[in-house]
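What's in query.cif: mmCIF, C-alpha atoms
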```cif
data_upload
loop_
_atom_site.label_atom_id
_atom_site.label_comp_id
_atom_site.auth_asym_id
_atom_site.auth_seq_id
_atom_site.Cartn_x
_atom_site.Cartn_y
_atom_site.Cartn_z
CA MET Y 1 91.78 95.63 88.73
CA HIS Y 2 91.78 96.31 85.02
CA GLU Y 3 95.54 96.88 85.30
CA MET Y 4 96.09 93.13 84.79
CA THR Y 5 94.13 93.33 81.53
CA LEU Y 6 96.28 96.26 80.46
CA VAL Y 7 99.47 94.40 81.32
CA ALA Y 8 98.33 91.42 79.24
CA GLY Y 9 97.84 93.83 76.33
CA ILE Y 10 101.24 95.43 76.89
CA LEU Y 11 103.01 92.05 76.91
CA GLU Y 12 101.16 90.83 73.84
CA ILE Y 13 102.13 93.92 71.86
CA ALA Y 14 105.71 93.81 73.13
CA GLU Y 15 106.26 90.13 72.33
CA GLU Y 16 104.71 90.46 68.91
CA ARG Y 17 106.94 93.40 68.02
CA ALA Y 18 110.06 91.76 69.46
CA ARG Y 19 109.47 88.54 67.54
CA GLU Y 20 108.82 90.43 64.36
CA ALA Y 21 112.19 92.16 64.80
CA GLY Y 22 113.95 88.87 65.49
CA ALA Y 23 114.87 89.84 69.06
CA ALA Y 24 115.83 87.23 71.63
CA ARG Y 25 114.68 89.07 74.69
CA ILE Y 26 113.07 92.26 75.87
CA ASN Y 27 114.99 94.38 78.38
CA THR Y 28 112.75 97.40 78.73
CA VAL Y 29 109.14 98.15 77.82
CA THR Y 30 108.32 101.86 77.72
CA VAL Y 31 104.64 102.78 77.92
CA GLU Y 32 102.88 106.12 77.83
CA ILE Y 33 99.94 106.51 80.17
CA GLY Y 34 97.78 109.62 80.31
CA ARG Y 35 97.06 111.06 83.72
CA LEU Y 36 93.31 110.84 83.05
CA ALA Y 37 93.36 107.29 81.67
CA GLY Y 38 92.18 105.82 84.95
CA VAL Y 39 95.25 103.69 85.54
CA GLU Y 40 96.81 103.11 88.92
CA LEU Y 41 100.50 103.12 88.03
CA SER Y 42 101.72 101.22 91.07
CA ALA Y 43 99.18 98.46 90.31
CA LEU Y 44 100.30 98.44 86.68
CA VAL Y 45 103.95 97.95 87.63
CA PHE Y 46 102.99 95.36 90.23
CA CYS Y 47 100.95 93.35 87.71
CA PHE Y 48 103.73 93.63 85.13
CA GLU Y 49 106.25 92.12 87.49
CA THR Y 50 104.07 89.03 87.84
CA ALA Y 51 102.74 88.73 84.32
CA ARG Y 52 106.14 89.12 82.60
CA LEU Y 53 107.33 85.76 83.96
CA GLY Y 54 107.48 83.14 81.23
CA THR Y 55 107.44 85.72 78.44
CA MET Y 56 110.20 87.29 76.35
CA ALA Y 57 110.00 90.15 78.82
CA ALA Y 58 110.66 87.92 81.84
CA GLY Y 59 113.52 90.12 83.03
CA ALA Y 60 112.26 93.37 81.58
CA GLU Y 61 111.72 96.65 83.31
CA LEU Y 62 108.51 98.57 82.74
CA VAL Y 63 109.16 102.27 82.25
CA VAL Y 64 106.06 104.42 82.56
CA ARG Y 65 106.08 107.82 80.91
CA GLU Y 66 103.19 109.77 82.35
CA LEU Y 67 101.49 112.19 79.96
CA PRO Y 68 99.70 115.23 81.34
CA GLY Y 69 95.98 115.79 81.12
CA ARG Y 70 95.17 118.59 78.70
CA GLY Y 71 92.06 120.74 78.84
CA LEU Y 72 90.72 123.04 76.14
CA CYS Y 73 88.40 125.88 77.05
CA PRO Y 74 85.54 126.03 74.55
CA ALA Y 75 84.77 129.59 75.67
CA CYS Y 76 88.13 131.33 75.30
CA GLY Y 77 90.24 128.74 73.46
CA ALA Y 78 92.93 128.49 76.16
CA GLU Y 79 94.67 125.12 76.55
CA THR Y 80 96.15 124.06 79.86
CA ASP Y 81 97.53 121.08 81.79
CA ILE Y 82 94.95 119.48 84.09
CA ASP Y 83 95.06 116.77 86.75
CA PHE Y 84 91.39 115.94 86.90
CA TYR Y 85 88.28 115.94 84.73
CA ALA Y 86 86.20 118.72 86.23
CA ALA Y 87 88.78 121.44 85.78
CA LEU Y 88 87.98 125.08 85.16
CA CYS Y 89 89.74 127.37 82.73
CA PRO Y 90 92.32 129.48 84.59
CA ALA Y 91 91.65 132.36 82.20
CA CYS Y 92 87.85 132.58 82.18
CA ASP Y 93 86.47 129.92 84.59
CA GLY Y 94 84.77 127.97 81.80
CA CYS Y 95 84.48 124.16 82.01
CA LEU Y 96 87.44 122.63 80.20
CA GLN Y 97 87.02 119.86 77.66
CA VAL Y 98 89.52 117.05 78.04
CA VAL Y 99 91.66 116.91 74.90
CA GLY Y 100 94.60 114.87 76.19
CA GLY Y 101 95.62 112.59 79.03
CA ARG Y 102 93.71 109.42 78.16
CA GLU Y 103 96.62 107.82 76.29
CA LEU Y 104 97.42 104.14 76.82
CA ARG Y 105 100.29 103.27 74.51
CA VAL Y 106 103.30 101.03 74.22
CA ALA Y 107 105.92 103.50 72.99
CA SER Y 108 109.08 101.45 72.52
CA LEU Y 109 111.10 98.41 73.51
CA ASP Y 110 114.75 97.84 74.26
CA VAL Y 111 115.71 94.37 73.07
CA ASP Y 112 118.66 92.09 72.54
CA MET E 1 90.37 71.76 82.63
CA CYS E 2 88.62 72.57 85.83
CA ASP E 3 89.76 70.14 88.51
CA SER E 4 86.64 70.48 90.63
CA CYS E 5 83.99 69.23 88.25
CA GLY E 6 85.99 68.10 85.23
CA CYS E 7 84.40 70.52 82.80
CA ASN E 8 86.44 72.27 80.17
CA GLN E 9 86.52 75.63 81.91
CA PRO E 10 89.66 76.89 83.51
CA PRO E 11 88.86 77.74 87.10
CA ASP E 12 88.73 81.50 86.72
CA ALA E 13 87.21 81.49 83.25
CA VAL E 14 84.49 83.78 82.09
CA THR E 15 81.24 81.83 81.67
CA TYR E 16 78.23 82.46 79.43
CA ARG E 17 74.92 81.07 80.61
CA LYS E 18 71.22 81.33 80.06
CA PRO E 19 68.69 80.87 82.84
CA GLY E 20 67.59 77.24 83.04
CA GLY E 21 70.78 76.03 81.37
CA HIS E 22 73.48 73.78 82.78
CA ASP E 23 74.94 75.46 85.80
CA HIS E 24 78.65 75.76 86.42
CA PRO E 25 78.89 77.58 89.69
CA HIS E 26 82.69 77.38 89.76
CA ARG E 27 83.10 78.24 93.34
CA HIS E 28 86.50 76.82 93.93
CA GLY E 29 88.40 77.41 97.09
CA ASP E 30 90.92 80.01 96.18
CA ALA E 31 93.57 78.00 97.94
CA GLU E 32 93.51 75.37 95.20
CA HIS E 33 94.49 77.76 92.48
CA ALA E 34 97.71 79.59 92.48
CA HIS E 35 97.01 83.22 91.63
CA PRO E 36 100.48 84.52 92.10
CA HIS E 37 99.49 88.17 91.91
CA GLU E 38 97.43 87.76 95.04
CA HIS E 39 100.17 86.29 97.12
CA ASP E 40 103.08 88.52 96.58
CA HIS E 41 101.92 91.48 98.60
CA GLY E 42 103.91 92.88 101.38
CA HIS E 43 107.25 93.26 99.74
CA ASP E 44 108.97 95.92 97.83
CA HIS E 45 106.24 98.39 97.17
CA GLY E 46 108.66 101.22 97.03
CA HIS E 47 109.56 100.59 93.43
CA ASP E 48 106.48 102.10 91.88
CA HIS E 49 107.36 105.72 92.43
CA ALA E 50 110.53 105.28 90.54
CA HIS E 51 108.48 104.28 87.52
CA SER E 52 105.99 107.09 87.65
CA HIS E 53 108.14 109.67 86.03
CA ASP E 54 110.17 109.82 82.98
CA HIS E 55 113.60 109.49 84.47
CA ALA E 56 116.24 108.22 82.21
CA HIS E 57 116.50 104.58 83.16
CA GLY E 58 119.82 104.14 81.52
CA HIS E 59 118.46 103.78 78.03
CA ASP E 60 121.47 105.28 76.47
CA HIS E 61 123.85 102.58 77.48
CA ASP E 62 124.30 99.58 75.36
CA HIS E 63 122.49 96.40 76.39
CA GLY E 64 125.18 94.19 74.99
CA GLY E 65 124.22 94.73 71.37
CA GLY E 66 120.75 95.82 72.37
CA ARG E 67 118.59 98.07 70.25
CA ARG E 68 115.49 100.14 70.60
CA LEU E 69 112.32 99.25 68.72
CA SER E 70 109.64 101.83 68.19
CA VAL E 71 106.14 100.43 68.84
CA GLU E 72 103.53 103.21 69.24
CA GLN E 73 100.54 100.91 69.69
CA ASP E 74 97.43 101.34 71.79
CA ILE E 75 97.40 98.93 74.70
CA LEU E 76 93.66 98.37 74.26
CA ARG E 77 93.90 97.83 70.51
CA ARG E 78 92.66 94.24 70.67
CA ASN E 79 89.60 95.29 72.65
CA ASP E 80 89.03 98.22 70.33
CA VAL E 81 89.26 96.07 67.21
CA VAL E 82 86.65 93.67 68.59
CA ALA E 83 84.51 96.62 69.71
CA GLU E 84 84.53 97.86 66.11
CA ARG E 85 83.37 94.43 64.96
CA ASN E 86 80.55 94.55 67.48
CA ARG E 87 79.63 98.02 66.24
CA GLY E 88 79.37 96.65 62.72
CA TRP E 89 77.23 93.78 63.97
CA PHE E 90 74.81 96.24 65.61
CA GLU E 91 74.77 98.52 62.59
CA GLY E 92 74.04 95.70 60.18
CA ARG E 93 71.00 94.69 62.20
CA GLY E 94 69.77 98.17 63.09
CA VAL E 95 70.22 97.33 66.77
CA LEU E 96 70.67 100.08 69.35
CA ALA E 97 73.26 98.88 71.88
CA LEU E 98 73.51 100.57 75.26
CA ASN E 99 76.15 99.99 77.92
CA LEU E 100 74.59 100.44 81.36
CA VAL E 101 77.12 101.34 84.02
CA SER E 102 76.78 102.20 87.70
CA SER E 103 77.78 101.27 91.22
CA PRO E 104 76.29 98.01 92.50
CA GLY E 105 72.75 98.49 93.76
CA SER E 106 71.75 101.58 91.76
CA GLY E 107 68.78 99.75 90.26
CA LYS E 108 70.03 98.82 86.78
CA THR E 109 68.26 95.47 86.77
CA SER E 110 65.03 96.93 88.20
CA LEU E 111 65.03 99.60 85.49
CA LEU E 112 65.49 96.93 82.84
CA GLU E 113 62.71 94.73 84.25
CA ARG E 114 60.33 97.66 84.22
CA THR E 115 61.40 98.76 80.73
CA ILE E 116 60.93 95.27 79.29
CA ARG E 117 57.41 95.05 80.73
CA ASP E 118 56.37 98.58 79.73
CA LEU E 119 57.70 98.47 76.18
CA ARG E 120 56.57 94.94 75.34
CA GLY E 121 55.02 94.95 71.88
CA GLU E 122 56.72 98.24 70.98
CA ILE E 123 60.49 97.74 71.26
CA PRO E 124 62.06 94.26 71.22
CA LEU E 125 64.74 94.12 73.92
CA ALA E 126 67.55 91.68 74.64
CA VAL E 127 69.91 91.82 77.58
CA ILE E 128 73.49 90.84 78.32
CA GLU E 129 73.98 90.67 82.09
CA GLY E 130 77.47 91.10 83.50
CA ASP E 131 78.29 90.07 87.06
CA GLN E 132 81.23 88.38 88.71
CA GLN E 133 79.02 85.54 89.93
CA THR E 134 75.45 84.15 89.84
CA LEU E 135 72.59 83.88 87.37
CA ASN E 136 70.35 86.01 89.60
CA ASP E 137 69.98 89.01 87.33
CA ALA E 138 69.49 86.90 84.22
CA GLU E 139 66.67 85.06 85.95
CA ARG E 140 64.96 88.35 86.76
CA ILE E 141 65.29 89.53 83.14
CA ALA E 142 64.03 86.21 81.79
CA ALA E 143 61.03 86.42 84.13
CA ALA E 144 60.33 89.91 82.80
CA GLY E 145 60.18 88.39 79.33
CA ALA E 146 63.34 89.27 77.40
CA PRO E 147 66.04 87.04 75.90
CA VAL E 148 69.07 87.22 78.16
CA LEU E 149 72.59 85.89 78.48
CA GLN E 150 74.51 86.03 81.72
CA VAL E 151 78.25 86.67 81.50
CA ASN E 152 80.02 85.83 84.74
CA THR E 153 83.40 87.47 84.70
CA GLY E 154 84.90 85.45 87.56
CA PHE E 155 87.54 87.78 88.92
CA GLY E 156 86.96 90.36 86.21
CA CYS E 157 85.75 93.82 87.19
CA HIS E 158 84.28 94.81 83.82
CA LEU E 159 82.91 93.46 80.55
CA ASP E 160 85.18 93.72 77.53
CA ALA E 161 84.41 93.70 73.82
CA GLU E 162 85.34 90.03 73.40
CA MET E 163 82.85 88.96 76.09
CA VAL E 164 80.12 90.87 74.28
CA ARG E 165 81.14 89.32 70.95
CA ARG E 166 80.89 85.84 72.48
CA ALA E 167 77.56 86.69 74.09
CA LEU E 168 76.18 87.92 70.75
CA SER E 169 76.89 84.52 69.21
CA GLU E 170 74.61 82.88 71.76
CA LEU E 171 71.90 85.47 72.33
CA GLU E 172 68.95 86.11 70.03
CA VAL E 173 69.00 89.87 69.52
CA PRO E 174 66.00 90.97 67.44
CA ALA E 175 66.85 93.11 64.37
CA GLY E 176 65.80 96.71 64.91
CA GLY E 177 65.61 96.13 68.64
CA VAL E 178 67.59 97.35 71.62
CA LEU E 179 70.43 95.45 73.27
CA MET E 180 70.95 96.42 76.89
CA ILE E 181 74.40 95.49 78.19
CA GLU E 182 74.29 95.63 81.97
CA ASN E 183 77.92 95.99 82.94
CA VAL E 184 79.50 94.77 86.17
CA GLY E 185 78.54 97.16 89.00
CA ASN E 186 81.65 99.32 89.14
CA LEU E 187 82.13 102.99 88.32
CA VAL E 188 85.83 102.69 87.55
CA CYS E 189 87.00 99.97 85.16
CA PRO E 190 84.08 99.75 82.70
CA ALA E 191 84.77 103.36 81.62
CA LEU E 192 87.91 102.17 79.88
CA PHE E 193 86.51 99.37 77.75
CA ASP E 194 84.62 100.13 74.55
CA LEU E 195 82.12 97.33 73.89
CA GLY E 196 81.00 98.69 70.53
CA GLU E 197 77.91 100.29 72.08
CA HIS E 198 76.18 103.40 70.75
CA ALA E 199 76.12 105.04 74.17
CA LYS E 200 76.93 104.55 77.80
CA VAL E 201 74.12 105.19 80.26
CA VAL E 202 75.34 105.89 83.78
CA ILE E 203 72.85 105.24 86.55
CA ILE E 204 73.07 106.82 89.98
CA SER E 205 70.52 106.38 92.75
CA VAL E 206 69.60 109.02 95.29
CA THR E 207 70.70 106.73 98.12
CA GLU E 208 74.27 107.33 96.93
CA GLY E 209 76.22 110.55 97.42
CA ASP E 210 75.40 113.42 95.07
CA ASP E 211 79.15 113.93 94.65
CA LYS E 212 79.62 110.64 92.74
CA PRO E 213 80.33 112.50 89.48
CA GLN E 214 83.25 114.25 91.19
CA LYS E 215 84.52 111.03 92.72
CA TYR E 216 84.27 108.95 89.53
CA PRO E 217 84.61 111.51 86.76
CA ALA E 218 85.84 109.16 84.03
CA MET E 219 82.54 107.32 83.93
CA PHE E 220 80.43 110.47 83.83
CA ALA E 221 82.73 111.88 81.15
CA ALA E 222 82.19 108.79 78.99
CA ALA E 223 78.39 108.61 79.35
CA SER E 224 75.73 110.14 77.09
CA LEU E 225 72.84 109.87 79.54
CA CYS E 226 72.70 109.96 83.32
CA VAL E 227 69.68 108.28 84.92
CA ILE E 228 69.00 109.44 88.48
CA ASN E 229 67.03 106.56 90.00
CA LYS E 230 64.97 106.00 93.16
CA THR E 231 63.58 109.55 93.15
CA ASP E 232 60.66 108.30 95.30
CA LEU E 233 63.18 108.17 98.16
CA LEU E 234 64.23 111.82 97.84
CA PRO E 235 62.16 113.00 100.83
CA HIS E 236 64.08 110.55 103.05
CA VAL E 237 67.66 111.14 101.93
CA ASP E 238 70.19 113.93 101.75
CA PHE E 239 70.64 113.96 97.99
CA ASP E 240 70.71 117.25 96.11
CA VAL E 241 69.64 116.49 92.53
CA GLU E 242 70.80 119.84 91.15
CA ALA E 243 74.18 119.58 92.88
CA CYS E 244 74.64 116.12 91.36
CA LYS E 245 73.75 117.39 87.89
CA ASP E 246 76.07 120.38 88.25
CA ALA E 247 78.94 118.12 89.26
CA ALA E 248 78.26 115.81 86.31
CA ARG E 249 78.01 118.71 83.84
CA ARG E 250 81.40 119.92 84.94
CA VAL E 251 83.01 116.74 83.66
CA ASN E 252 80.63 116.38 80.73
CA PRO E 253 78.74 119.48 79.59
CA ALA E 254 76.85 117.44 76.96
CA LEU E 255 75.44 114.89 79.43
CA ALA E 256 71.64 114.46 79.36
CA PHE E 257 69.64 113.57 82.49
CA VAL E 258 66.50 111.63 83.33
CA GLU E 259 65.14 111.49 86.87
CA LEU E 260 62.94 108.52 87.61
CA SER E 261 61.81 105.83 89.99
CA ALA E 262 62.02 102.43 88.34
CA THR E 263 59.90 100.83 91.06
CA ARG E 264 57.20 103.53 91.38
CA GLY E 265 57.17 104.51 87.71
CA GLU E 266 57.51 108.29 87.96
CA GLY E 267 59.70 109.88 85.31
CA LEU E 268 59.89 106.77 83.13
CA ASP E 269 58.38 108.61 80.15
CA GLY E 270 61.59 110.67 79.88
CA TRP E 271 63.68 107.48 79.74
CA TYR E 272 61.42 105.93 77.13
CA ARG E 273 61.51 109.10 75.04
CA TRP E 274 65.31 109.03 75.07
CA LEU E 275 65.28 105.32 74.12
CA ARG E 276 62.89 105.87 71.23
CA ASP E 277 64.95 108.78 69.89
CA ARG E 278 68.20 106.86 70.08
CA ARG E 279 66.64 103.77 68.55
CA ALA E 280 65.28 105.78 65.64
CA ALA E 281 68.76 107.26 65.10
CA ALA E 282 70.39 103.81 65.21
CA ALA E 283 67.92 102.38 62.68
CA ARG E 284 68.76 105.08 60.13
#
```

Have the structure of the file written as structure tokens, please.
Amino acid sequence: MHEMTLVAGILEIAEERAREAGAARINTVTVEIGRLAGVELSALVFCFETARLGTMAAGAELVVRELPGRGLCPACGAETDIDFYAALCPACDGCLQVVGGRELRVASLDVD
Amino acid sequence: MCDSCGCNQPPDAVTYRKPGGHDHPHRHGDAEHAHPHEHDHGHDHGHDHAHSHDHAHGHDHDHGGGRRLSVEQDILRRNDVVAERNRGWFEGRGVLALNLVSSPGSGKTSLLERTIRDLRGEIPLAVIEGDQQTLNDAERIAAAGAPVLQVNTGFGCHLDAEMVRRALSELEVPAGGVLMIENVGNLVCPALFDLGEHAKVVIISVTEGDDKPQKYPAMFAAASLCVINKTDLLPHVDFDVEACKDAARRVNPALAFVELSATRGEGLDGWYRWLRDRRAAAAR
């Protein structure tokens, strides 16, 4: 259950940014999570709904923008969307290197 | 403050202990502590799908004078900052730090016991032991003759960089030596948390399925070395070493392998060779 740790990080970043901007409350937290980042999104949302209580984001919605996994073929140079680590290049069957999809980012906040 | 024994630990706190030290078992009945996230199950699980995609959630309307703030920050930045500090700590002392990850029961502690005994006098070793509960592993390491600190993570499923930083302030790690960080037995969460180590070593035993690298690819993708342990049991189990390696190479073509039996001793020379090479590189 590392999702709770991630949520604590999300809330810390969000509150810090909101305070810095002189906001009174956070309405929406938008995060970007790569498909290969190892995060269970339903658990993330579930943890957020508990952990937000008592923070500036107490009534906030968590919006998750899922980013695709991206694989680069070292053999033929093709780049393609992937859903899992051990993907093969659709062009030449080579083993793809993961070049995207591990993102864990707070993208933006909507505040009052 | 803990309301069971009056110590200064919150009930689910991470603890740092050495064998023979003051023991804080902290086995509270869960009923005494409200852990709200554990009690709210059973309602409203339908919401999550709505959040999985990038639908417009009405961001364009005005939240009564609301505004959008750009953030663009890594969620794990705090961990990563502390991990960088740890890395500097290791570098400054010429210490090779390894993060040992595996399922529970793969033989991480047995491999460490054997390594400590075999390399005594050649490579000074220190160990950080991560488990949810008990001092058991730390006691085994101490008996084998290495300085050790046990980190009990309570409910935590992984070690993070801050736990390692705290442990380093209490553990004597010899300069030029090797620090073994035995992570919590778990092939999922520890993949995500940089501790500042030079390399992750993933350990799999032949009593597990040879398809583990397919099932838990993130960990095999993050590791530099894969130790295949308990090879003495190969005649008795259905484990295909080459199939396991092929599966692991698919997620990580650069992964190196060592096959060994920590209890019988076969194959340990390959492990020690890898350790010596990495240690020499870290000391440079």

Need the shell around Ala78 (chain Y): protein/DNA/RNA residues with any atom at most 12 Å away, counting all atoms listed in the file. Skip same-chain ones fewer than 5 positions apart. Format as a PyMOL selection string? chain Y and resi 70-73+88-97+99

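Here CA of Arg85 (chain E) and CA of Asn99 (chain E) stand 15.8 Å from one another.
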
Matched chain/residue IDs from the PyMOL selection byres ((chain Y) within 7 of (chain E)), as a ChimeraX atom specification: /Y:1-2,6,9-10,41-42,45,47,50,63-66,85-86,95,104-112

Starting from the shown file, work through the PyMOL selection byres ((chain Y and resi 15) around 8) and note down what comes out as a PyMOL selection string. chain Y and resi 11-14+16-19+26+55-57

Report, in Å to a single decimal, how far apart CA of Leu225 (chain E) and CA of Ile181 (chain E) are.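 CA of Leu225 (chain E) lies 14.5 Å from CA of Ile181 (chain E).
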
Can you measure CA of Arg264 (chain E) to CA of Lys212 (chain E) for me? One decimal in Å is fine.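 Atom-to-atom, CA of Arg264 (chain E) to CA of Lys212 (chain E), that is 23.6 Å.
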
Can you spell out as a PyMOL selection string the set of residues that the PyMOL selection byres ((chain E and resi 154) around 6) selects in the structure I just provided? chain E and resi 12+14+132+152-153+155-156

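Using all atoms listed in the file, the shortest contact distance between Gly59 (chain Y) and any of Y:Glu40, Y:Gly34, Y:Thr28, Y:Phe84 is found at Y:Thr28.
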
Closest to Asp83 (chain Y) among Y:Arg102, Y:Arg25, Y:Arg52, Y:Arg35, using only C-alpha atoms?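 Of Y:Arg102, Y:Arg25, Y:Arg52, Y:Arg35, the one nearest Asp83 (chain Y) is Y:Arg35, counting only C-alpha atoms.
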
Smallest atom-to-atom distance to Ala161 (chain E): which of E:Ala281, E:Leu111, E:Val202, E:Leu195, using only C-alpha atoms? E:Leu195

Near-Val206 (chain E) list (10 Å; only C-alpha atoms; drop same-chain fewer than 2 positions) as number ranges by chain: E: 106, 204, 208-210, 228-234, 236-241, 244, 259, 261

For region 143-151 of chain E, where the input has fewer atoms than it should, I would like all heavy atoms rebuilt and written as a PDB file, keeping the file's coordinate frame.
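The resulting out-v6.pdb:
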```
ATOM      1  N   ALA E 143      62.398  86.386  83.584  1.00  0.00           N
ATOM      2  CA  ALA E 143      61.030  86.420  84.130  1.00  0.00           C
ATOM      3  C   ALA E 143      60.268  87.630  83.613  1.00  0.00           C
ATOM      4  O   ALA E 143      59.043  87.587  83.443  1.00  0.00           O
ATOM      5  CB  ALA E 143      61.088  86.436  85.662  1.00  0.00           C
ATOM      6  N   ALA E 144      60.973  88.710  83.337  1.00  0.00           N
ATOM      7  CA  ALA E 144      60.330  89.910  82.800  1.00  0.00           C
ATOM      8  C   ALA E 144      59.981  89.730  81.318  1.00  0.00           C
ATOM      9  O   ALA E 144      59.196  90.504  80.765  1.00  0.00           O
ATOM     10  CB  ALA E 144      61.215  91.132  82.988  1.00  0.00           C
ATOM     11  N   GLY E 145      60.593  88.725  80.678  1.00  0.00           N
ATOM     12  CA  GLY E 145      60.180  88.390  79.330  1.00  0.00           C
ATOM     13  C   GLY E 145      61.124  88.749  78.201  1.00  0.00           C
ATOM     14  O   GLY E 145      60.701  88.855  77.056  1.00  0.00           O
ATOM     15  N   ALA E 146      62.401  88.938  78.484  1.00  0.00           N
ATOM     16  CA  ALA E 146      63.340  89.270  77.400  1.00  0.00           C
ATOM     17  C   ALA E 146      64.407  88.189  77.281  1.00  0.00           C
ATOM     18  O   ALA E 146      64.787  87.584  78.280  1.00  0.00           O
ATOM     19  CB  ALA E 146      63.999  90.618  77.656  1.00  0.00           C
ATOM     20  N   PRO E 147      64.902  87.948  76.049  1.00  0.00           N
ATOM     21  CA  PRO E 147      66.040  87.040  75.900  1.00  0.00           C
ATOM     22  C   PRO E 147      67.252  87.601  76.633  1.00  0.00           C
ATOM     23  O   PRO E 147      67.497  88.801  76.583  1.00  0.00           O
ATOM     24  CB  PRO E 147      66.294  86.993  74.394  1.00  0.00           C
ATOM     25  CG  PRO E 147      65.390  87.974  73.746  1.00  0.00           C
ATOM     26  CD  PRO E 147      64.457  88.534  74.762  1.00  0.00           C
ATOM     27  N   VAL E 148      67.968  86.732  77.317  1.00  0.00           N
ATOM     28  CA  VAL E 148      69.070  87.220  78.160  1.00  0.00           C
ATOM     29  C   VAL E 148      70.211  86.226  78.177  1.00  0.00           C
ATOM     30  O   VAL E 148      69.989  85.018  78.084  1.00  0.00           O
ATOM     31  CB  VAL E 148      68.563  87.503  79.604  1.00  0.00           C
ATOM     32  CG1 VAL E 148      67.973  86.250  80.235  1.00  0.00           C
ATOM     33  CG2 VAL E 148      69.674  88.089  80.491  1.00  0.00           C
ATOM     34  N   LEU E 149      71.420  86.731  78.273  1.00  0.00           N
ATOM     35  CA  LEU E 149      72.590  85.890  78.480  1.00  0.00           C
ATOM     36  C   LEU E 149      73.386  86.459  79.643  1.00  0.00           C
ATOM     37  O   LEU E 149      73.656  87.655  79.691  1.00  0.00           O
ATOM     38  CB  LEU E 149      73.467  85.851  77.221  1.00  0.00           C
ATOM     39  CG  LEU E 149      74.542  84.766  77.310  1.00  0.00           C
ATOM     40  CD1 LEU E 149      73.983  83.417  76.867  1.00  0.00           C
ATOM     41  CD2 LEU E 149      75.757  85.115  76.469  1.00  0.00           C
ATOM     42  N   GLN E 150      73.726  85.597  80.566  1.00  0.00           N
ATOM     43  CA  GLN E 150      74.510  86.030  81.720  1.00  0.00           C
ATOM     44  C   GLN E 150      75.995  85.785  81.447  1.00  0.00           C
ATOM     45  O   GLN E 150      76.405  84.669  81.135  1.00  0.00           O
ATOM     46  CB  GLN E 150      74.093  85.244  82.964  1.00  0.00           C
ATOM     47  CG  GLN E 150      74.894  85.591  84.212  1.00  0.00           C
ATOM     48  CD  GLN E 150      74.401  86.862  84.903  1.00  0.00           C
ATOM     49  OE1 GLN E 150      73.212  87.019  85.175  1.00  0.00           O
ATOM     50  NE2 GLN E 150      75.313  87.796  85.164  1.00  0.00           N
ATOM     51  N   VAL E 151      76.789  86.818  81.559  1.00  0.00           N
ATOM     52  CA  VAL E 151      78.250  86.670  81.500  1.00  0.00           C
ATOM     53  C   VAL E 151      78.766  86.805  82.916  1.00  0.00           C
ATOM     54  O   VAL E 151      78.582  87.842  83.545  1.00  0.00           O
ATOM     55  CB  VAL E 151      78.898  87.755  80.604  1.00  0.00           C
ATOM     56  CG1 VAL E 151      80.416  87.548  80.557  1.00  0.00           C
ATOM     57  CG2 VAL E 151      78.314  87.734  79.206  1.00  0.00           C
TER      58      VAL E 151
END
```
